[in-house]
Amino acid sequence: MQFERSAIDGLFVVVPHRHGDSRGYFVETFREDLFSAAVGPVHFVQDNQSMSAEVGTVRGLHFQLNPRAQGKLVRCLVGSILDVAVDIRRGSPTYGQHVKVELSADNGQQLWVPPGFAHGFCTLEPNTVIAYKVTDYYSPEHDRGLRWNDPALAIDWPVAEDKAILSAKDRVQPLLSELDADFIYAG
């Protein structure tokens with residue numbers, strides 16, 4: 001398993017090694033010892049999965065507030081997505097900046113998104129399925145979001161704004177300038 005640091009401190013692209021033969025392949029998608037050595041101690045408590053039927057479905061940008069903040073290890077099981085993480089840690093030298101990674105069933109890559117980041121994705125293929133491990137349980141009272149198309153974020157999404165398929169909730173999330181200082185960069 002390879003851990004590639006991203007341009008933003010704390011985010012990692014995780015590249016599991018596939019062992020293939022004529023039958024297909026085998027891959028370890030998570031190993032606590034390797035993950036902890038590269039990223040730090042993490043305890044996952046819940047696995048989530050979603051399926052998006054149409055290309056151009058945008059889910060996010062989501063996060064949970066402390067004390068129920070979640071770290072997420074995201075991977076794509078079927079199809080492909082453009083996965084995005086935005087730094088929302090006040091005082092961070094990369095506050096408001098983002099990292100984009102294409103995750104697909106073919107490339108097998110994963111993105112580690114620690115607490116203090118808003119996370120979202122856009123589907124690139126129909127019937128895309130993603131799975132992600134989280135470090136805290138879903139908590140509706142701590143659930144928050146960030147507007148996916150906030151001009152201040154300058155995310156180059158692979159779908160036009162008027163063609164994006166969004167939930168009603170994701171259409172009205174606040175802008176970065178409207179977020180409270182819920183996460184503080186520790187340096």
# chains A, B, ... in the order shown; residues from 1 in each chain; ligands from 1
>>> residues_around(residues="His19 (chain A)", least_positions_apart="6", cutoff="12 Å", atoms="only C-alpha atoms", output="PDB file with N, CA, C and O atoms, in the first residue's frame")
ATOM      1  N   MET A   1       0.848  -1.174   0.000  1.00  0.00           N
ATOM      2  CA  MET A   1       0.000   0.000   0.000  1.00  0.00           C
ATOM      3  C   MET A   1       0.892   1.235   0.000  1.00  0.00           C
ATOM      4  O   MET A   1       1.820   1.331   0.781  1.00  0.00           O
ATOM      5  N   TYR A  25      -7.931 -10.099  -9.780  1.00  0.00           N
ATOM      6  CA  TYR A  25      -6.949  -9.548  -8.852  1.00  0.00           C
ATOM      7  C   TYR A  25      -7.410  -9.692  -7.410  1.00  0.00           C
ATOM      8  O   TYR A  25      -8.585  -9.938  -7.121  1.00  0.00           O
ATOM      9  N   PHE A  26      -6.449  -9.528  -6.503  1.00  0.00           N
ATOM     10  CA  PHE A  26      -6.688  -9.454  -5.068  1.00  0.00           C
ATOM     11  C   PHE A  26      -6.033  -8.177  -4.589  1.00  0.00           C
ATOM     12  O   PHE A  26      -4.947  -7.817  -5.031  1.00  0.00           O
ATOM     13  N   VAL A  27      -6.687  -7.487  -3.645  1.00  0.00           N
ATOM     14  CA  VAL A  27      -6.123  -6.257  -3.098  1.00  0.00           C
ATOM     15  C   VAL A  27      -6.539  -6.099  -1.636  1.00  0.00           C
ATOM     16  O   VAL A  27      -7.674  -6.418  -1.268  1.00  0.00           O
ATOM     17  N   GLU A  28      -5.595  -5.664  -0.815  1.00  0.00           N
ATOM     18  CA  GLU A  28      -5.924  -5.236   0.547  1.00  0.00           C
ATOM     19  C   GLU A  28      -6.315  -3.776   0.444  1.00  0.00           C
ATOM     20  O   GLU A  28      -5.485  -2.937   0.059  1.00  0.00           O
ATOM     21  N   THR A  29      -7.545  -3.434   0.795  1.00  0.00           N
ATOM     22  CA  THR A  29      -7.992  -2.046   0.680  1.00  0.00           C
ATOM     23  C   THR A  29      -7.739  -1.242   1.949  1.00  0.00           C
ATOM     24  O   THR A  29      -7.770  -0.014   1.915  1.00  0.00           O
ATOM     25  N   GLY A 108      -8.467   1.913  -8.512  1.00  0.00           N
ATOM     26  CA  GLY A 108      -8.421   1.403  -7.146  1.00  0.00           C
ATOM     27  C   GLY A 108      -7.907   2.365  -6.105  1.00  0.00           C
ATOM     28  O   GLY A 108      -7.743   2.002  -4.943  1.00  0.00           O
TER      29      GLY A 108
END
>>> residues_around(residues="region 75-92 of chain A", least_positions_apart="5", cutoff="6 Å", atoms="only C-alpha atoms", output="ChimeraX atom specification")
/A:97-105,110,116-125,128-131,183-185
>>> atom_distance(atom1="CA of Pro67 (chain A)", atom2="CA of Gly187 (chain A)")
19.5 Å
>>> residues_around(residues="Ala53 (chain A)", least_positions_apart="2", cutoff="7 Å", atoms="only C-alpha atoms", output="list of chain:residue names")
A:Met51, A:Pro126, A:Asn127, A:Thr128
>>> closest_residue(among="A:Pro16, A:Ala152, A:Arg5, A:Pro158", to="Leu34 (chain A)", atoms="only C-alpha atoms")
A:Pro16
>>> residues_around(residues="region 171-174 of chain A", least_positions_apart="5", cutoff="6 Å", atoms="only C-alpha atoms", output="JSON list (two decimals) with all heavy atoms, in the first residue's frame")
[["chain", "number", "residue", "atom", "x", "y", "z"],
["A", 145, "GLY", "N", -22.54, 21.43, 5.71],
["A", 145, "GLY", "CA", -22.08, 21.40, 4.34],
["A", 145, "GLY", "C", -21.54, 22.74, 3.89],
["A", 145, "GLY", "O", -21.62, 23.75, 4.59],
["A", 146, "LEU", "N", -20.99, 22.73, 2.70],
["A", 146, "LEU", "CA", -20.39, 23.88, 2.05],
["A", 146, "LEU", "C", -20.88, 23.87, 0.61],
["A", 146, "LEU", "O", -20.96, 22.79, 0.00],
["A", 146, "LEU", "CB", -18.87, 23.75, 2.12],
["A", 146, "LEU", "CG", -17.99, 24.77, 1.41],
["A", 146, "LEU", "CD1", -18.22, 26.18, 1.95],
["A", 146, "LEU", "CD2", -16.53, 24.38, 1.58],
["A", 147, "ARG", "N", -21.24, 25.02, 0.07],
["A", 147, "ARG", "CA", -21.79, 25.10, -1.28],
["A", 147, "ARG", "C", -20.80, 24.55, -2.30],
["A", 147, "ARG", "O", -19.66, 25.01, -2.39],
["A", 147, "ARG", "CB", -22.15, 26.54, -1.61],
["A", 147, "ARG", "CG", -22.81, 26.75, -2.95],
["A", 147, "ARG", "CD", -24.32, 26.87, -2.92],
["A", 147, "ARG", "NE", -24.84, 27.64, -1.83],
["A", 147, "ARG", "CZ", -25.10, 28.95, -1.86],
["A", 147, "ARG", "NH1", -24.86, 29.65, -2.95],
["A", 147, "ARG", "NH2", -25.60, 29.55, -0.80]]
>>> atom_distance(atom1="CA of Leu153 (chain A)", atom2="CA of Gln64 (chain A)")
19.1 Å
>>> select_by_dssp(residues="region 36-166 of chain A", states="alpha helix (DSSP H)", output="list of chain:residue names")
A:Ser36, A:Ala37, A:Ala38, A:Val39
>>> write_last_selection(atoms="N, CA, C and O atoms", output="mmCIF file, in the first residue's frame")
data_model
loop_
_atom_site.group_PDB
_atom_site.id
_atom_site.type_symbol
_atom_site.label_atom_id
_atom_site.label_comp_id
_atom_site.auth_asym_id
_atom_site.auth_seq_id
_atom_site.Cartn_x
_atom_site.Cartn_y
_atom_site.Cartn_z
ATOM 1 N N SER A 36 -1.952 3.583 9.986
ATOM 2 C CA SER A 36 -1.515 4.328 11.173
ATOM 3 C C SER A 36 -0.079 4.818 11.045
ATOM 4 O O SER A 36 0.247 5.919 11.479
ATOM 5 N N ALA A 37 0.796 4.014 10.450
ATOM 6 C CA ALA A 37 2.190 4.419 10.270
ATOM 7 C C ALA A 37 2.297 5.609 9.323
ATOM 8 O O ALA A 37 3.134 6.490 9.524
ATOM 9 N N ALA A 38 1.458 5.660 8.300
ATOM 10 C CA ALA A 38 1.535 6.739 7.310
ATOM 11 C C ALA A 38 0.732 7.967 7.702
ATOM 12 O O ALA A 38 1.182 9.100 7.502
ATOM 13 N N VAL A 39 -0.448 7.764 8.251
ATOM 14 C CA VAL A 39 -1.400 8.856 8.480
ATOM 15 C C VAL A 39 -1.498 9.231 9.954
ATOM 16 O O VAL A 39 -1.760 10.372 10.295
#
>>> decode(residues="region 22-175 of chain A", atoms="C-alpha atoms", output="compact mmCIF listing (two decimals), in the first residue's frame")
# COMPACT_ATOMS: atom_id res chain seq x y z
CA SER A 22 -5.72 -14.73 -15.16
CA ARG A 23 -8.61 -14.91 -12.66
CA GLY A 24 -8.59 -11.18 -11.84
CA TYR A 25 -6.95 -9.55 -8.85
CA PHE A 26 -6.69 -9.45 -5.07
CA VAL A 27 -6.12 -6.26 -3.10
CA GLU A 28 -5.92 -5.24 0.55
CA THR A 29 -7.99 -2.05 0.68
CA PHE A 30 -7.16 -1.24 4.30
CA ARG A 31 -4.51 -2.27 6.81
CA GLU A 32 -4.57 -0.55 10.16
CA ASP A 33 -0.83 -0.95 10.78
CA LEU A 34 0.20 0.62 7.46
CA PHE A 35 -2.49 3.30 7.63
CA SER A 36 -1.51 4.33 11.17
CA ALA A 37 2.19 4.42 10.27
CA ALA A 38 1.53 6.74 7.31
CA VAL A 39 -1.40 8.86 8.48
CA GLY A 40 -1.50 8.46 12.25
CA PRO A 41 -3.80 6.50 14.52
CA VAL A 42 -7.31 6.22 13.12
CA HIS A 43 -10.27 4.19 14.34
CA PHE A 44 -13.05 3.53 11.83
CA VAL A 45 -16.53 2.89 13.26
CA GLN A 46 -18.86 2.80 10.26
CA ASP A 47 -18.78 1.87 6.56
CA ASN A 48 -21.03 3.73 4.11
CA GLN A 49 -21.91 3.09 0.50
CA SER A 50 -23.79 5.14 -2.08
CA MET A 51 -24.91 4.58 -5.65
CA SER A 52 -25.48 7.47 -8.05
CA ALA A 53 -27.47 6.54 -11.13
CA GLU A 54 -26.61 9.46 -13.40
CA VAL A 55 -23.42 11.07 -14.64
CA GLY A 56 -23.04 14.55 -13.16
CA THR A 57 -24.48 13.70 -9.76
CA VAL A 58 -22.80 15.91 -7.16
CA ARG A 59 -22.86 14.86 -3.50
CA GLY A 60 -21.37 17.34 -1.10
CA LEU A 61 -19.49 19.20 0.07
CA HIS A 62 -20.21 17.63 3.49
CA PHE A 63 -18.61 17.50 6.94
CA GLN A 64 -19.58 16.97 10.58
CA LEU A 65 -18.83 19.38 13.40
CA ASN A 66 -16.82 18.53 16.51
CA PRO A 67 -17.19 16.57 18.69
CA ARG A 68 -18.59 14.28 15.97
CA ALA A 69 -16.20 15.26 13.16
CA GLN A 70 -15.47 12.47 10.72
CA GLY A 71 -12.40 11.35 8.86
CA LYS A 72 -13.26 9.48 5.66
CA LEU A 73 -11.41 6.90 3.58
CA VAL A 74 -13.19 7.02 0.21
CA ARG A 75 -12.99 4.56 -2.69
CA CYS A 76 -14.97 3.83 -5.83
CA LEU A 77 -16.29 0.30 -6.33
CA VAL A 78 -18.11 0.74 -9.66
CA GLY A 79 -17.64 3.54 -12.21
CA SER A 80 -15.65 6.67 -11.40
CA ILE A 81 -15.85 9.98 -9.56
CA LEU A 82 -14.00 13.23 -9.26
CA ASP A 83 -13.44 13.33 -5.49
CA VAL A 84 -12.86 16.70 -3.83
CA ALA A 85 -11.71 17.72 -0.34
CA VAL A 86 -11.70 21.39 0.77
CA ASP A 87 -9.60 22.63 3.70
CA ILE A 88 -11.97 24.38 6.17
CA ARG A 89 -9.47 24.64 9.06
CA ARG A 90 -9.23 28.31 10.02
CA GLY A 91 -5.63 29.48 10.17
CA SER A 92 -4.44 26.80 7.78
CA PRO A 93 -2.06 28.04 5.06
CA THR A 94 -4.31 26.16 2.60
CA TYR A 95 -7.67 27.33 4.02
CA GLY A 96 -10.30 27.27 1.27
CA GLN A 97 -8.06 25.34 -1.11
CA HIS A 98 -8.97 21.92 -2.44
CA VAL A 99 -7.55 18.69 -3.75
CA LYS A 100 -9.22 16.76 -6.61
CA VAL A 101 -8.57 13.11 -7.34
CA GLU A 102 -10.21 10.78 -9.82
CA LEU A 103 -11.19 7.61 -8.01
CA SER A 104 -12.38 4.70 -10.10
CA ALA A 105 -13.01 1.00 -9.95
CA ASP A 106 -10.19 0.67 -12.49
CA ASN A 107 -7.48 2.63 -10.66
CA GLY A 108 -8.42 1.40 -7.15
CA GLN A 109 -7.12 4.59 -5.52
CA GLN A 110 -8.59 5.93 -2.29
CA LEU A 111 -8.63 9.38 -0.70
CA TRP A 112 -8.07 9.93 3.03
CA VAL A 113 -10.02 13.01 4.12
CA PRO A 114 -9.34 13.87 7.79
CA PRO A 115 -11.62 15.95 10.01
CA GLY A 116 -11.43 19.65 9.13
CA PHE A 117 -12.20 19.13 5.46
CA ALA A 118 -15.44 19.36 3.49
CA HIS A 119 -15.81 16.40 1.13
CA GLY A 120 -17.80 15.82 -2.03
CA PHE A 121 -17.71 14.18 -5.42
CA CYS A 122 -19.16 14.23 -8.91
CA THR A 123 -19.94 11.04 -10.81
CA LEU A 124 -18.18 10.53 -14.13
CA GLU A 125 -20.04 7.35 -15.13
CA PRO A 126 -23.60 6.07 -14.68
CA ASN A 127 -24.44 3.76 -11.78
CA THR A 128 -21.32 4.70 -9.85
CA VAL A 129 -20.90 3.11 -6.43
CA ILE A 130 -18.61 4.49 -3.75
CA ALA A 131 -17.77 3.15 -0.31
CA TYR A 132 -16.14 4.97 2.55
CA LYS A 133 -15.06 4.25 6.07
CA VAL A 134 -15.66 6.95 8.70
CA THR A 135 -14.14 7.66 12.10
CA ASP A 136 -17.38 8.69 13.82
CA TYR A 137 -21.02 7.79 13.45
CA TYR A 138 -23.40 9.89 11.38
CA SER A 139 -24.91 12.60 13.56
CA PRO A 140 -27.72 14.67 12.01
CA GLU A 141 -27.28 17.47 14.56
CA HIS A 142 -23.59 17.83 13.61
CA ASP A 143 -24.10 17.39 9.85
CA ARG A 144 -23.05 20.46 7.84
CA GLY A 145 -22.08 21.40 4.34
CA LEU A 146 -20.39 23.88 2.05
CA ARG A 147 -21.79 25.10 -1.28
CA TRP A 148 -20.36 22.87 -4.02
CA ASN A 149 -20.08 25.71 -6.55
CA ASP A 150 -18.88 28.52 -4.28
CA PRO A 151 -16.81 30.78 -6.60
CA ALA A 152 -14.28 31.31 -3.78
CA LEU A 153 -13.35 27.61 -3.98
CA ALA A 154 -12.67 27.70 -7.73
CA ILE A 155 -13.37 23.97 -8.13
CA ASP A 156 -13.40 22.96 -11.79
CA TRP A 157 -16.22 20.43 -11.64
CA PRO A 158 -16.72 18.13 -14.64
CA VAL A 159 -20.38 19.17 -14.95
CA ALA A 160 -22.00 22.50 -15.80
CA GLU A 161 -23.82 24.14 -12.89
CA ASP A 162 -27.18 23.94 -14.65
CA LYS A 163 -26.67 20.23 -15.44
CA ALA A 164 -25.50 19.07 -11.99
CA ILE A 165 -27.82 16.66 -10.19
CA LEU A 166 -28.00 17.72 -6.54
CA SER A 167 -30.09 17.09 -3.45
CA ALA A 168 -32.25 19.97 -2.23
CA LYS A 169 -29.95 20.22 0.81
CA ASP A 170 -26.80 20.56 -1.30
CA ARG A 171 -28.32 23.36 -3.42
CA VAL A 172 -28.54 25.69 -0.41
CA GLN A 173 -25.40 25.01 1.63
CA PRO A 174 -23.53 28.10 2.88
CA LEU A 175 -20.56 29.69 1.17
